[in-house]
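Colleague: Provided herewith is a single structure, encoded as structure tokens, for subsequent inquiry.
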Amino acid sequence: MLKYFDIIKKLSDVDKIRILCDINALSDKKFRTLGIPEVRIGDVGALCEDTYPSPCALSNTWDLSLVSNVADDLFKIASSREMGFVKVPEPRVRINPHRIPVSEDLFLGAEMSKAYLAAAGKAGIAAGVGGFGIYNDEVEWLDEKPDERFIYEYIVK
């Protein structure tokens with residue numbers, strides 16, 4: 001990162017915030033013309049599509065060794081596709097009844113995310129956990145059905 005310090009200094013605050021908020025912004029030509037190399041970004045869910053069940057389906061097995069083995073293979077695929085960064089599933093709890101989390105058990109979800117991150121480390125690929133933010137439809141759902149205990153335990157804590 002330090003070798004790009006001069007380039008980063010040239011970026012506006014808006015561009016810096018944009019990159020921090022959305023890593024996909026690095027795909028813009030604007031950043032490549034400044035000398036920031038293109039980063040091929042992947043997603044574990046998309047890598048699963050060809051060969052494996054979704055991360056949610058895998059987590060429903062409650063088998064961490066299975067998930068670890070699949071994750072190792074997925075990151076070999078990511079490496080062969082020359083991906084520089086892969087987003088792994090976040091340990092989200094189920095807030096919206098219509099959105100499927102990786103697991104409804106927060107501890108299991110964290111262990112699943114950890115397995116994907118460990119596989120990324122073994123493959124030498126940068127990885128990051130998906131966002132912990134609340135999606136718009138989840139905000140709407142919380143607005144419709146406020147529950148102080150739920151909000152305190154899962155949002156505030």
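FYI, nothing fancy with the structure tokens labels: chains A, B, ... in order, residues from 1 per chain, ligands from 1 as they appear.
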Excluding same-chain residues fewer than 3 positions from Gly121 (chain A), what lies within 12 Å of it counting only C-alpha atoms, as a CSV table (one decimal) with N, CA and C atoms, in the first residue's frame?
Modeller:
```
chain,number,residue,atom,x,y,z
A,71,ALA,N,-14.1,-24.6,0.9
A,71,ALA,CA,-13.4,-23.3,0.9
A,71,ALA,C,-12.0,-23.4,0.3
A,72,ASP,N,-11.3,-24.4,0.7
A,72,ASP,CA,-9.9,-24.6,0.1
A,72,ASP,C,-10.0,-24.7,-1.4
A,75,PHE,N,-11.0,-21.4,-3.2
A,75,PHE,CA,-9.9,-20.4,-3.3
A,75,PHE,C,-8.8,-20.9,-4.3
A,76,LYS,N,-8.7,-22.2,-4.6
A,76,LYS,CA,-7.9,-22.7,-5.7
A,76,LYS,C,-8.5,-22.2,-7.0
A,79,SER,N,-7.8,-18.5,-7.4
A,79,SER,CA,-6.5,-18.3,-7.7
A,79,SER,C,-6.2,-18.6,-9.2
A,84,GLY,N,-7.9,-11.1,-7.1
A,84,GLY,CA,-7.0,-10.5,-6.2
A,84,GLY,C,-7.7,-10.3,-4.8
A,85,PHE,N,-9.0,-10.3,-4.8
A,85,PHE,CA,-9.8,-10.1,-3.6
A,85,PHE,C,-11.1,-10.9,-3.7
A,86,VAL,N,-11.5,-11.6,-2.7
A,86,VAL,CA,-12.7,-12.4,-2.6
A,86,VAL,C,-13.5,-12.0,-1.4
A,114,LYS,N,-14.8,-17.7,9.3
A,114,LYS,CA,-13.4,-17.9,9.6
A,114,LYS,C,-12.8,-19.0,8.7
A,115,ALA,N,-13.6,-20.0,8.4
A,115,ALA,CA,-13.1,-21.1,7.5
A,115,ALA,C,-12.8,-20.6,6.1
A,116,TYR,N,-13.7,-19.7,5.6
A,116,TYR,CA,-13.4,-19.1,4.3
A,116,TYR,C,-12.2,-18.2,4.3
A,117,LEU,N,-12.0,-17.4,5.4
A,117,LEU,CA,-10.9,-16.5,5.5
A,117,LEU,C,-9.6,-17.3,5.6
A,118,ALA,N,-9.6,-18.4,6.4
A,118,ALA,CA,-8.4,-19.3,6.5
A,118,ALA,C,-8.0,-19.8,5.2
A,124,GLY,N,-3.2,-17.4,-0.5
A,124,GLY,CA,-2.5,-16.2,-0.7
A,124,GLY,C,-3.4,-15.1,-1.4
A,125,ILE,N,-4.7,-15.2,-1.2
A,125,ILE,CA,-5.6,-14.2,-1.8
A,125,ILE,C,-6.2,-13.4,-0.7
A,126,ALA,N,-6.2,-12.1,-1.0
A,126,ALA,CA,-6.9,-11.2,0.0
A,126,ALA,C,-8.4,-11.4,0.0
A,127,ALA,N,-8.9,-11.4,1.2
A,127,ALA,CA,-10.3,-11.6,1.4
A,127,ALA,C,-10.9,-10.7,2.5
A,128,GLY,N,-12.2,-10.5,2.4
A,128,GLY,CA,-12.9,-9.7,3.4
A,128,GLY,C,-14.3,-10.2,3.6
```
Colleague: Return as number ranges by chain the full set of residues in region 1-53 of chain A whose backbone-based DSSP assignment is helix (DSSP H, G or I).
Modeller: A: 2-10, 13-21, 23-27, 29-33, 44-48
Colleague: Find the spatial neighbours of Ala25 (chain A), counting only C-alpha atoms, within a cut-off of 12 Å - ignore same-chain residues fewer than 5 positions away - and output them as a PyMOL selection string.
Modeller: chain A and resi 14-20+30-32+36+38-41
Colleague: What's around Leu58 (chain A) at 12 Å? Count only C-alpha atoms, leave out sequence neighbours fewer than 3 positions away in its own chain, and write the answer as JSON, numbers by chain.
Modeller: {"A": [44, 45, 48, 52, 53, 54, 55, 61, 62, 63, 64, 65, 66, 67, 68, 69, 70, 71, 89, 101, 102, 103, 108, 109, 112, 113, 115, 116]}
Colleague: Please determine, counting only C-alpha atoms, which residue among A:Leu74, A:Lys87, A:Phe5, A:Thr33 has the shortest atom-to-atom distance to Glu49 (chain A).
Modeller: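 Ranked by minimum distance to Glu49 (chain A), first place goes to A:Leu74.
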Colleague: Write out as number ranges by chain the set of residues from region 14-94 of chain A that DSSP, computed on the backbone, places in strand (DSSP E).
Modeller: A: 41-43, 85-88
